[in-house]
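Content type compact mmCIF, C-alpha atoms and all ligand atoms, from the file work.txt:
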# COMPACT_ATOMS: atom_id res chain seq x y z
CA MET A 1212 -0.50 30.57 1.55
CA THR A 1213 -1.24 26.94 2.42
CA ARG A 1214 0.63 24.50 4.65
CA ARG A 1215 1.29 21.36 2.60
CA ALA A 1216 2.70 17.93 3.44
CA VAL A 1217 5.48 17.48 0.88
CA VAL A 1218 7.35 14.23 0.17
CA THR A 1219 11.05 14.87 0.81
CA GLY A 1220 12.24 11.28 1.13
CA VAL A 1221 11.21 7.79 0.05
CA GLY A 1222 12.62 4.33 0.69
CA HIS A 1223 11.71 0.68 0.89
CA TYR A 1224 12.84 -2.66 2.20
CA LEU A 1225 12.12 -6.16 0.92
CA PRO A 1226 13.05 -9.35 2.78
CA GLU A 1227 15.86 -11.33 1.15
CA ARG A 1228 13.92 -14.46 0.27
CA VAL A 1229 12.30 -14.33 -3.18
CA VAL A 1230 9.66 -16.96 -3.92
CA PRO A 1231 8.79 -17.56 -7.60
CA ASN A 1232 5.32 -18.86 -8.55
CA SER A 1233 6.85 -22.22 -9.48
CA GLU A 1234 7.55 -22.92 -5.79
CA PHE A 1235 3.80 -23.31 -5.17
CA GLU A 1236 3.47 -25.96 -7.89
CA ALA A 1237 5.08 -28.52 -5.57
CA THR A 1238 2.47 -28.23 -2.80
CA LEU A 1239 -0.70 -26.88 -4.46
CA ASP A 1240 -2.91 -27.62 -7.45
CA THR A 1241 -1.73 -24.46 -9.22
CA THR A 1242 0.60 -23.32 -11.99
CA ASP A 1243 2.89 -20.40 -12.71
CA GLU A 1244 0.71 -19.74 -15.81
CA TRP A 1245 -2.52 -19.47 -13.76
CA ILE A 1246 -1.00 -17.10 -11.23
CA ARG A 1247 0.55 -14.85 -13.91
CA ALA A 1248 -2.56 -14.82 -16.09
CA ARG A 1249 -5.09 -14.16 -13.30
CA SER A 1250 -3.05 -11.81 -11.09
CA GLY A 1251 0.08 -10.63 -12.93
CA ILE A 1252 2.22 -11.87 -10.04
CA GLU A 1253 5.51 -13.62 -10.88
CA ARG A 1254 7.32 -13.62 -7.54
CA ARG A 1255 7.08 -12.20 -4.01
CA HIS A 1256 9.35 -11.77 -0.97
CA PHE A 1257 8.78 -13.59 2.31
CA ALA A 1258 10.24 -12.48 5.64
CA ALA A 1259 12.77 -14.75 7.32
CA GLU A 1260 11.90 -16.60 10.51
CA GLY A 1261 11.95 -14.06 13.34
CA GLU A 1262 11.88 -11.07 10.96
CA THR A 1263 8.91 -8.91 11.95
CA THR A 1264 6.83 -6.16 10.41
CA SER A 1265 8.57 -3.51 12.54
CA ASP A 1266 11.97 -4.80 11.33
CA LEU A 1267 10.89 -4.27 7.72
CA ALA A 1268 9.31 -0.92 8.59
CA ALA A 1269 12.42 0.37 10.41
CA ASN A 1270 14.61 -0.47 7.40
CA ALA A 1271 12.23 1.35 5.04
CA ALA A 1272 12.09 4.32 7.45
CA ARG A 1273 15.91 4.53 7.59
CA ALA A 1274 16.02 4.53 3.77
CA ALA A 1275 13.43 7.34 3.56
CA LEU A 1276 15.28 9.43 6.17
CA ALA A 1277 18.59 8.94 4.33
CA ASP A 1278 16.91 9.96 1.06
CA ALA A 1279 15.61 13.14 2.73
CA GLY A 1280 18.85 13.82 4.61
CA VAL A 1281 16.87 14.12 7.84
CA SER A 1282 17.85 12.64 11.22
CA ALA A 1283 15.39 10.48 13.19
CA GLU A 1284 15.65 12.96 16.10
CA ASP A 1285 14.02 15.62 13.90
CA VAL A 1286 10.92 13.54 13.11
CA ASP A 1287 7.76 14.61 14.96
CA ALA A 1288 5.53 11.61 14.25
CA ILE A 1289 5.34 8.14 12.74
CA VAL A 1290 2.11 6.90 11.17
CA LEU A 1291 2.45 3.22 10.30
CA ALA A 1292 -0.14 1.38 8.22
CA THR A 1293 -0.25 -2.34 8.93
CA SER A 1294 -2.59 -5.25 9.61
CA THR A 1295 0.26 -7.49 10.73
CA ALA A 1296 1.85 -5.71 13.69
CA ASP A 1297 4.50 -7.65 15.66
CA LEU A 1298 2.40 -7.75 18.85
CA THR A 1299 -1.16 -6.90 19.85
CA PHE A 1300 0.39 -3.87 21.51
CA PRO A 1301 2.36 -1.65 21.65
CA SER A 1302 2.01 -0.40 18.10
CA ALA A 1303 4.55 -1.39 15.49
CA ALA A 1304 5.04 2.37 15.04
CA THR A 1305 6.47 2.73 18.56
CA MET A 1306 8.81 -0.20 17.85
CA VAL A 1307 10.06 1.63 14.76
CA GLN A 1308 10.38 4.81 16.85
CA ALA A 1309 12.75 2.97 19.23
CA ALA A 1310 14.59 1.14 16.44
CA ILE A 1311 15.51 4.31 14.52
CA GLY A 1312 16.48 6.26 17.67
CA MET A 1313 13.63 8.75 17.78
CA THR A 1314 13.17 9.74 21.42
CA ARG A 1315 10.47 12.41 21.18
CA GLY A 1316 7.26 12.99 19.22
CA PHE A 1317 4.58 10.33 18.85
CA ALA A 1318 3.89 7.18 16.87
CA PHE A 1319 0.79 5.12 16.10
CA ASP A 1320 -0.53 2.42 13.76
CA VAL A 1321 -3.36 2.74 11.28
CA GLN A 1322 -5.34 -0.37 10.37
CA ALA A 1323 -7.27 -0.17 7.12
CA VAL A 1324 -5.82 -3.31 5.51
CA CYS A 1325 -4.84 -2.77 1.85
CA ALA A 1326 -6.17 0.81 1.97
CA GLY A 1327 -3.98 1.46 5.03
CA PHE A 1328 -1.38 3.55 3.29
CA VAL A 1329 -3.84 6.03 1.80
CA TYR A 1330 -5.50 6.29 5.24
CA ALA A 1331 -2.07 6.89 6.84
CA LEU A 1332 -1.11 9.51 4.24
CA SER A 1333 -4.40 11.30 4.72
CA ASN A 1334 -3.94 11.36 8.52
CA ALA A 1335 -0.33 12.50 8.24
CA SER A 1336 -1.33 15.27 5.84
CA ALA A 1337 -3.96 16.45 8.34
CA LEU A 1338 -1.39 16.44 11.19
CA ILE A 1339 0.89 18.63 9.12
CA ALA A 1340 -1.85 20.92 7.76
CA SER A 1341 -3.14 21.54 11.30
CA GLY A 1342 0.33 22.38 12.61
CA GLN A 1343 0.58 19.40 14.98
CA ALA A 1344 3.70 18.10 13.25
CA ASP A 1345 6.29 19.37 10.77
CA LYS A 1346 7.99 16.11 9.82
CA VAL A 1347 6.07 12.83 9.64
CA LEU A 1348 7.28 9.40 8.62
CA VAL A 1349 4.47 7.53 6.87
CA ILE A 1350 5.15 3.82 6.57
CA GLY A 1351 3.33 0.84 5.08
CA ALA A 1352 4.70 -2.49 6.29
CA GLU A 1353 3.35 -6.03 6.27
CA THR A 1354 4.22 -9.66 6.84
CA PHE A 1355 1.13 -11.22 5.23
CA SER A 1356 3.05 -14.52 4.91
CA ARG A 1357 2.22 -14.96 8.62
CA ILE A 1358 -1.55 -15.05 7.99
CA MET A 1359 -1.61 -17.27 4.90
CA ASP A 1360 -3.44 -20.59 4.86
CA TRP A 1361 -0.84 -22.51 2.81
CA THR A 1362 -3.51 -25.03 1.75
CA ASP A 1363 -5.75 -22.33 0.18
CA ARG A 1364 -4.52 -21.84 -3.40
CA SER A 1365 -6.99 -18.99 -3.97
CA THR A 1366 -5.17 -16.72 -1.49
CA CYS A 1367 -1.69 -17.91 -0.52
CA VAL A 1368 -0.18 -17.37 -3.98
CA LEU A 1369 -1.24 -13.71 -4.05
CA PHE A 1370 0.43 -12.03 -1.07
CA GLY A 1371 3.96 -11.00 -0.09
CA ASP A 1372 5.95 -9.18 2.60
CA GLY A 1373 7.66 -5.78 2.43
CA ALA A 1374 7.73 -2.18 3.58
CA GLY A 1375 7.89 1.29 2.10
CA ALA A 1376 8.14 4.72 3.71
CA LEU A 1377 7.79 8.40 2.88
CA LEU A 1378 9.05 11.36 4.85
CA LEU A 1379 6.52 14.20 4.67
CA GLU A 1380 7.64 17.71 5.61
CA ALA A 1381 5.60 20.87 6.07
CA GLN A 1382 6.15 23.43 3.35
CA THR A 1383 4.23 26.56 2.50
CA GLY A 1384 2.59 26.55 -0.90
CA GLU A 1385 0.62 29.13 -2.85
CA GLY A 1386 -2.61 27.20 -2.36
CA THR A 1387 -2.74 26.27 -6.05
CA THR A 1388 -2.64 22.95 -7.90
CA ASP A 1389 0.99 23.73 -8.81
CA ASP A 1390 2.02 23.33 -5.15
CA ARG A 1391 4.16 20.36 -4.24
CA GLY A 1392 2.70 18.01 -1.62
CA ILE A 1393 -0.63 16.40 -0.81
CA LEU A 1394 -3.39 18.30 -2.61
CA ALA A 1395 -6.47 16.20 -1.74
CA THR A 1396 -7.59 12.91 -0.22
CA ASP A 1397 -10.71 10.73 -0.22
CA LEU A 1398 -11.41 7.93 2.28
CA ASN A 1399 -14.32 5.46 2.28
CA SER A 1400 -15.42 2.25 3.94
CA ASP A 1401 -18.52 0.08 3.87
CA GLY A 1402 -18.67 -2.53 6.63
CA ARG A 1403 -21.54 -4.35 4.98
CA TYR A 1404 -18.84 -6.04 2.90
CA LYS A 1405 -16.72 -7.15 5.90
CA ASP A 1406 -17.13 -10.84 5.00
CA LEU A 1407 -15.53 -10.53 1.56
CA LEU A 1408 -11.98 -10.23 2.94
CA TYR A 1409 -11.08 -10.89 6.56
CA VAL A 1410 -8.84 -12.84 8.93
CA ASP A 1411 -10.74 -15.52 10.84
CA GLY A 1412 -8.98 -14.85 14.14
CA GLY A 1413 -7.84 -12.05 16.42
CA VAL A 1414 -7.24 -11.05 20.02
CA SER A 1415 -10.87 -11.20 21.05
CA THR A 1416 -11.27 -14.67 19.57
CA GLN A 1417 -7.94 -15.81 21.08
CA SER A 1418 -6.37 -16.96 17.83
CA THR A 1419 -4.21 -15.57 15.05
CA GLY A 1420 -6.35 -16.78 12.18
CA TYR A 1421 -5.85 -16.90 8.43
CA LEU A 1422 -6.77 -14.58 5.60
CA ARG A 1423 -10.06 -15.48 3.89
CA MET A 1424 -11.11 -13.82 0.66
CA GLN A 1425 -13.88 -14.07 -1.87
CA GLY A 1426 -11.48 -12.77 -4.52
CA ASN A 1427 -13.92 -12.50 -7.40
CA GLN A 1428 -16.39 -10.54 -5.20
CA VAL A 1429 -13.67 -8.08 -4.13
CA PHE A 1430 -12.66 -7.83 -7.79
CA ARG A 1431 -16.24 -6.89 -8.71
CA HIS A 1432 -16.10 -3.83 -6.41
CA ALA A 1433 -12.51 -2.82 -7.07
CA ILE A 1434 -12.34 -1.13 -10.48
CA GLU A 1435 -15.43 1.03 -10.10
CA LYS A 1436 -14.67 2.12 -6.52
CA LEU A 1437 -11.01 2.83 -7.29
CA ALA A 1438 -11.73 4.90 -10.40
CA ARG A 1439 -14.43 6.83 -8.53
CA THR A 1440 -12.27 7.63 -5.48
CA ALA A 1441 -9.39 8.74 -7.73
CA GLU A 1442 -11.72 11.06 -9.61
CA THR A 1443 -13.17 12.42 -6.34
CA SER A 1444 -9.70 13.27 -5.01
CA LEU A 1445 -8.71 14.89 -8.29
CA GLU A 1446 -11.94 16.92 -8.31
CA ARG A 1447 -11.30 18.06 -4.71
CA ALA A 1448 -7.85 19.19 -5.79
CA GLY A 1449 -9.33 21.09 -8.74
CA LEU A 1450 -7.78 18.69 -11.26
CA THR A 1451 -8.95 16.08 -13.77
CA ASN A 1452 -7.70 12.71 -15.01
CA ASP A 1453 -5.90 14.51 -17.85
CA ASP A 1454 -3.60 16.23 -15.31
CA VAL A 1455 -2.28 12.92 -13.95
CA ASP A 1456 1.36 12.01 -14.64
CA TRP A 1457 1.29 8.74 -12.66
CA ILE A 1458 -1.32 6.46 -11.17
CA VAL A 1459 0.38 4.60 -8.32
CA PRO A 1460 -2.21 1.94 -7.49
CA HIS A 1461 -2.39 -0.64 -4.75
CA GLN A 1462 -0.72 -3.67 -6.32
CA ALA A 1463 -3.19 -6.53 -5.90
CA ASN A 1464 -3.92 -7.68 -9.42
CA ILE A 1465 -2.71 -6.46 -12.82
CA ARG A 1466 -6.25 -6.84 -14.23
CA ILE A 1467 -7.63 -4.47 -11.56
CA ILE A 1468 -4.77 -2.02 -12.24
CA GLN A 1469 -5.43 -2.12 -16.01
CA GLY A 1470 -9.20 -1.90 -15.59
CA THR A 1471 -8.95 1.14 -13.30
CA ALA A 1472 -6.57 2.98 -15.65
CA LYS A 1473 -8.89 2.23 -18.57
CA LYS A 1474 -11.94 3.47 -16.65
CA MET A 1475 -10.01 6.68 -15.91
CA GLY A 1476 -9.18 7.02 -19.61
CA LEU A 1477 -5.42 6.72 -18.99
CA GLY A 1478 -2.90 4.42 -20.67
CA MET A 1479 -0.72 1.90 -18.86
CA ASP A 1480 2.28 4.12 -19.72
CA LYS A 1481 1.01 6.32 -16.86
CA VAL A 1482 0.86 3.53 -14.26
CA ILE A 1483 3.60 2.35 -11.89
CA VAL A 1484 3.40 -1.45 -11.81
CA THR A 1485 5.34 -3.61 -9.33
CA VAL A 1486 2.82 -6.40 -8.71
CA GLN A 1487 4.90 -8.85 -10.78
CA ASP A 1488 7.82 -8.57 -8.32
CA HIS A 1489 6.14 -8.02 -4.95
CA GLY A 1490 2.71 -9.68 -5.11
CA ASN A 1491 0.07 -8.04 -2.93
CA THR A 1492 1.87 -6.52 0.07
CA SER A 1493 -1.31 -4.87 1.39
CA ALA A 1494 -0.54 -1.52 3.08
CA ALA A 1495 3.08 -1.68 1.88
CA SER A 1496 2.33 -1.86 -1.83
CA ILE A 1497 1.87 1.86 -2.58
CA PRO A 1498 5.01 3.15 -0.80
CA LEU A 1499 6.96 0.25 -2.34
CA ALA A 1500 5.69 1.26 -5.78
CA LEU A 1501 6.52 4.94 -5.14
CA SER A 1502 10.04 4.04 -4.07
CA VAL A 1503 10.65 1.66 -6.98
CA GLY A 1504 9.03 4.14 -9.40
CA LYS A 1505 11.49 6.80 -8.28
CA GLN A 1506 14.44 4.37 -8.48
CA ARG A 1507 13.46 3.41 -12.05
CA GLY A 1508 13.50 7.10 -13.01
CA GLN A 1509 9.77 7.14 -13.73
CA ILE A 1510 8.61 9.50 -10.94
CA LYS A 1511 10.21 12.95 -11.08
CA PRO A 1512 9.90 16.14 -9.01
CA GLY A 1513 6.75 18.05 -9.96
CA ASP A 1514 4.87 14.98 -11.23
CA LEU A 1515 1.16 14.80 -10.37
CA ILE A 1516 0.44 11.45 -8.74
CA VAL A 1517 -2.81 9.78 -7.76
CA THR A 1518 -2.62 6.75 -5.47
CA GLU A 1519 -5.62 4.50 -4.87
CA ALA A 1520 -6.30 1.33 -2.88
CA ILE A 1521 -9.08 -1.00 -1.77
CA GLY A 1522 -9.12 -3.88 0.68
CA GLY A 1523 -10.76 -5.55 3.66
CA GLY A 1524 -13.68 -3.64 5.18
CA LEU A 1525 -14.28 -2.90 2.45
CA ALA A 1526 -12.11 0.18 2.90
CA TRP A 1527 -10.86 2.25 -0.01
CA GLY A 1528 -9.50 5.67 -0.83
CA SER A 1529 -7.09 7.82 -2.76
CA VAL A 1530 -4.58 10.63 -2.41
CA VAL A 1531 -3.55 13.24 -4.97
CA LEU A 1532 -0.08 14.67 -4.52
CA ARG A 1533 2.51 16.58 -6.46
CA TRP A 1534 5.92 14.90 -6.02
O1 LIG A 1601 -5.67 -6.35 -1.83
C1 LIG A 1601 -6.92 -6.51 -1.29
C2 LIG A 1601 -7.93 -6.63 -2.33
N1 LIG A 1601 -7.85 -7.90 -2.98
C3 LIG A 1601 -7.94 -7.95 -4.26
O2 LIG A 1601 -7.99 -6.93 -4.92
C4 LIG A 1601 -8.06 -9.30 -4.91
C5 LIG A 1601 -9.15 -9.26 -5.90
N2 LIG A 1601 -9.37 -10.49 -6.60
C6 LIG A 1601 -8.49 -11.04 -7.48
O3 LIG A 1601 -7.41 -10.54 -7.66
C7 LIG A 1601 -8.96 -12.23 -8.27
O4 LIG A 1601 -10.33 -12.44 -8.02
C8 LIG A 1601 -8.16 -13.51 -7.97
C9 LIG A 1601 -6.75 -13.43 -8.55
C10 LIG A 1601 -8.13 -13.74 -6.48
C11 LIG A 1601 -8.85 -14.71 -8.64
O5 LIG A 1601 -9.04 -14.49 -10.01
P1 LIG A 1601 -10.47 -14.75 -10.68
O6 LIG A 1601 -10.31 -14.53 -12.12
O7 LIG A 1601 -11.46 -13.86 -9.96
O8 LIG A 1601 -10.74 -16.26 -10.40
P2 LIG A 1601 -11.90 -16.96 -9.53
O9 LIG A 1601 -11.73 -16.66 -8.09
O10 LIG A 1601 -13.22 -16.67 -10.15
O11 LIG A 1601 -11.54 -18.49 -9.76
C12 LIG A 1601 -11.52 -19.07 -11.06
C13 LIG A 1601 -11.07 -20.52 -10.93
C14 LIG A 1601 -11.80 -21.29 -9.83
O12 LIG A 1601 -12.03 -22.59 -10.31
P3 LIG A 1601 -13.52 -23.01 -10.81
O13 LIG A 1601 -14.41 -22.79 -9.63
O14 LIG A 1601 -13.80 -22.08 -11.95
O15 LIG A 1601 -13.33 -24.42 -11.20
C15 LIG A 1601 -10.77 -21.38 -8.72
O16 LIG A 1601 -10.92 -22.52 -7.91
O17 LIG A 1601 -9.67 -20.58 -10.60
C16 LIG A 1601 -9.49 -21.49 -9.51
N3 LIG A 1601 -8.30 -21.07 -8.74
C17 LIG A 1601 -7.05 -21.47 -9.05
N4 LIG A 1601 -6.58 -22.29 -10.01
C18 LIG A 1601 -5.25 -22.48 -10.05
C19 LIG A 1601 -8.25 -20.24 -7.67
N5 LIG A 1601 -6.96 -20.10 -7.27
C20 LIG A 1601 -6.21 -20.84 -8.11
C21 LIG A 1601 -4.83 -21.11 -8.19
N6 LIG A 1601 -4.40 -21.92 -9.19
N7 LIG A 1601 -3.92 -20.55 -7.36

Step by step, read the file and then write its structure as structure tokens.
Amino acid sequence: MTRRAVVTGVGHYLPERVVPNSEFEATLDTTDEWIRARSGIERRHFAAEGETTSDLAANAARAALADAGVSAEDVDAIVLATSTADLTFPSAATMVQAAIGMTRGFAFDVQAVCAGFVYALSNASALIASGQADKVLVIGAETFSRIMDWTDRSTCVLFGDGAGALLLEAQTGEGTTDDRGILATDLNSDGRYKDLLYVDGGVSTQSTGYLRMQGNQVFRHAIEKLARTAETSLERAGLTNDDVDWIVPHQANIRIIQGTAKKMGLGMDKVIVTVQDHGNTSAASIPLALSVGKQRGQIKPGDLIVTEAIGGGLAWGSVVLRW
């Protein structure tokens, strides 16, 4: 018998304002065609003035709790992946804790940029497996619009705001690959690549800063590292690529998503794609894709899912779970 972290609820929240690619044509030397062709992005959502990451996260958390039929008072922990917390401290997770009316347990943020959600899932799974928590809200939430340099066409057209959340609950499985829940994880980082994707400001430099990215260099690492981490997780679970029902990738670029699926020998009919509608929402992109994938009727109970992500650090990883 094995204690597993099983997804019992999923939800998401997107800010109201939708910005199509064409809006950038007025202020930048760019076109809708370039953005679609190079990234697959068609539109993204931007948070309203005063709307913060914890606001988005709390809405996604409420949706996940409603989906699970679980009350906030019964949640033991919140693990929130974000690089754009409302304040330097306290954590955005504690703000969500207060907002949803959870008065016990514990809450903390995880910062692994675009890989944040797989890091958060892996940590939440470990909390459940070790018996420290029975019900954990795992959230990815970002307001990357706040760290865009609106004069840099190579970055500001790529990112968006949003939040997604899963409720994980402890369940006892047989210890086989047929069990529902998180079956294996794989986390990696290599700080030698820290200059490929970073924000040129922070508390210790007394500024907020803007996102800076050598996009084509990140691209060069992405497909190989993502395919390898997915295969490592599957191997740890005792599974292979052929067992996968859905790849739910970090949604940064359709060409990375296609290249990774191809390298894994899987068709695009096995991939949940939302990048066209959300842009790159960093740590929020995987839970958003899981939530939308379920809403579309693609993801069904019992499906074998592999999620994978890479971003600033570089940090990358994957999680294999049975829905
Ligand atoms: O989520 C975290 C991880 N991040 C990623 O996974 C992002 C990975 N990288 C990418 O998605 C792609 O590299 C980009 C979409 C960022 C760029 O696509 P690319 O095919 O790698 O293009 P590039 O950076 O090599 O640039 C090609 C050209 C350049 O012009 P020159 O130097 O060839 O004359 C850029 O200046 O495209 C130009 N360019 C643009 N042109 C029109 C860059 N941005 C734009 C733009 N509109 N918005």

Worksheet item: Which neighbours of A:Asp1454 fall inside 8 Å, counting all atoms listed in the file, when residues of the same chain fewer than 3 positions from it are skipped, and could you give them as a ChimeraX atom specification?
Response: /A:1450-1451,1515

Fill in: stretch 1327-1336 of chain A environment, 8 Å, only C-alpha atoms, sequence neighbours closer than 4 positions dropped, as a VMD selection string
chain A and resid 1215 to 1216 1290 to 1293 1321 to 1323 1340 1347 1349 to 1351 1379 1393 1396 1398 1493 to 1495 1497 to 1498 1518 to 1520 1528 to 1530

Worksheet entry | Protein and nucleic acid residues within 9 Å of ligand LIG 1601 (chain A) (only C-alpha atoms and all ligand atoms) as a PyMOL selection string | chain A and resi 1235-1236+1239-1246+1248-1251+1324-1326+1363-1370+1408+1424-1433+1461-1467+1491-1494+1520-1523+1525

Could you turn the residues from that selection into a file that holds C-alpha atoms, as an mmCIF file, in the coordinates of the input?
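Contents of out-v2.cif, as written:
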data_model
loop_
_atom_site.group_PDB
_atom_site.id
_atom_site.type_symbol
_atom_site.label_atom_id
_atom_site.label_comp_id
_atom_site.auth_asym_id
_atom_site.auth_seq_id
_atom_site.Cartn_x
_atom_site.Cartn_y
_atom_site.Cartn_z
ATOM 1 C CA PHE A 1235 3.800 -23.310 -5.170
ATOM 2 C CA GLU A 1236 3.470 -25.960 -7.890
ATOM 3 C CA LEU A 1239 -0.700 -26.880 -4.460
ATOM 4 C CA ASP A 1240 -2.910 -27.620 -7.450
ATOM 5 C CA THR A 1241 -1.730 -24.460 -9.220
ATOM 6 C CA THR A 1242 0.600 -23.320 -11.990
ATOM 7 C CA ASP A 1243 2.890 -20.400 -12.710
ATOM 8 C CA GLU A 1244 0.710 -19.740 -15.810
ATOM 9 C CA TRP A 1245 -2.520 -19.470 -13.760
ATOM 10 C CA ILE A 1246 -1.000 -17.100 -11.230
ATOM 11 C CA ALA A 1248 -2.560 -14.820 -16.090
ATOM 12 C CA ARG A 1249 -5.090 -14.160 -13.300
ATOM 13 C CA SER A 1250 -3.050 -11.810 -11.090
ATOM 14 C CA GLY A 1251 0.080 -10.630 -12.930
ATOM 15 C CA VAL A 1324 -5.820 -3.310 5.510
ATOM 16 C CA CYS A 1325 -4.840 -2.770 1.850
ATOM 17 C CA ALA A 1326 -6.170 0.810 1.970
ATOM 18 C CA ASP A 1363 -5.750 -22.330 0.180
ATOM 19 C CA ARG A 1364 -4.520 -21.840 -3.400
ATOM 20 C CA SER A 1365 -6.990 -18.990 -3.970
ATOM 21 C CA THR A 1366 -5.170 -16.720 -1.490
ATOM 22 C CA CYS A 1367 -1.690 -17.910 -0.520
ATOM 23 C CA VAL A 1368 -0.180 -17.370 -3.980
ATOM 24 C CA LEU A 1369 -1.240 -13.710 -4.050
ATOM 25 C CA PHE A 1370 0.430 -12.030 -1.070
ATOM 26 C CA LEU A 1408 -11.980 -10.230 2.940
ATOM 27 C CA MET A 1424 -11.110 -13.820 0.660
ATOM 28 C CA GLN A 1425 -13.880 -14.070 -1.870
ATOM 29 C CA GLY A 1426 -11.480 -12.770 -4.520
ATOM 30 C CA ASN A 1427 -13.920 -12.500 -7.400
ATOM 31 C CA GLN A 1428 -16.390 -10.540 -5.200
ATOM 32 C CA VAL A 1429 -13.670 -8.080 -4.130
ATOM 33 C CA PHE A 1430 -12.660 -7.830 -7.790
ATOM 34 C CA ARG A 1431 -16.240 -6.890 -8.710
ATOM 35 C CA HIS A 1432 -16.100 -3.830 -6.410
ATOM 36 C CA ALA A 1433 -12.510 -2.820 -7.070
ATOM 37 C CA HIS A 1461 -2.390 -0.640 -4.750
ATOM 38 C CA GLN A 1462 -0.720 -3.670 -6.320
ATOM 39 C CA ALA A 1463 -3.190 -6.530 -5.900
ATOM 40 C CA ASN A 1464 -3.920 -7.680 -9.420
ATOM 41 C CA ILE A 1465 -2.710 -6.460 -12.820
ATOM 42 C CA ARG A 1466 -6.250 -6.840 -14.230
ATOM 43 C CA ILE A 1467 -7.630 -4.470 -11.560
ATOM 44 C CA ASN A 1491 0.070 -8.040 -2.930
ATOM 45 C CA THR A 1492 1.870 -6.520 0.070
ATOM 46 C CA SER A 1493 -1.310 -4.870 1.390
ATOM 47 C CA ALA A 1494 -0.540 -1.520 3.080
ATOM 48 C CA ALA A 1520 -6.300 1.330 -2.880
ATOM 49 C CA ILE A 1521 -9.080 -1.000 -1.770
ATOM 50 C CA GLY A 1522 -9.120 -3.880 0.680
ATOM 51 C CA GLY A 1523 -10.760 -5.550 3.660
ATOM 52 C CA LEU A 1525 -14.280 -2.900 2.450
#

Discussion item. Between atom CA of A:Leu1348 and atom CA of A:Tyr1421, what distance in Å does the model show, to one decimal?
Written reply: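 Atom CA of A:Tyr1421 lies at a distance of 29.4 Å from atom CA of A:Leu1348.
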
Fill in: Given only C-alpha atoms as the counted atoms, nearest of A:Ala1310, A:Ile1358, A:Val1531, A:Leu1437 to A:Ala1268
A:Ala1310

Worksheet item: For A:Glu1227, which of A:His1489, A:Leu1298, A:Ala1381, A:Thr1314 is the closest residue, counting only C-alpha atoms?
Response: A:His1489

Worksheet item: Of the candidates A:Thr1388, A:Ser1341, A:Gln1382, A:Ser1418, which one gets nearest to A:Thr1299 if we count all atoms listed in the file?
Response: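 Nearest candidate to A:Thr1299 out of A:Thr1388, A:Ser1341, A:Gln1382, A:Ser1418: A:Ser1418.
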
Worksheet entry | d(atom CA of A:Asp1514, atom CA of A:Thr1485) in Å |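 Atom-to-atom, atom CA of A:Asp1514 and atom CA of A:Thr1485 are spaced 18.7 Å apart.
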
Practice prompt. Could you check how far atom CA of A:Asn1270 sits from atom CA of A:Met1359, in Å to one decimal?
Written response: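 Separating atom CA of A:Asn1270 from atom CA of A:Met1359 is a distance of 23.5 Å.
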
Practice prompt. Extract, using all atoms listed in the file, all DNA, RNA and protein residues at most 12 Å from A:Asp1372, discarding same-chain residues fewer than 6 positions from it, and format them as an MDAnalysis selection string.
Written response: chainID A and resid 1223:1230 1254:1259 1262:1268 1293:1295 1351:1359 1488:1496 1499

Worksheet item: Hey, which of A:Leu1407, A:Val1414, A:Ala1441, A:Val1503 ends up closest to A:Met1475? Count all atoms listed in the file.
Response: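 Under the stated criterion, the closest residue is A:Ala1441.
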
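For the choices A:Ile1434, A:Ala1296, A:Ala1288, A:Ala1395, the atom-to-atom distance to A:Gly1316 is smallest for A:Ala1288 when using all atoms listed in the file.
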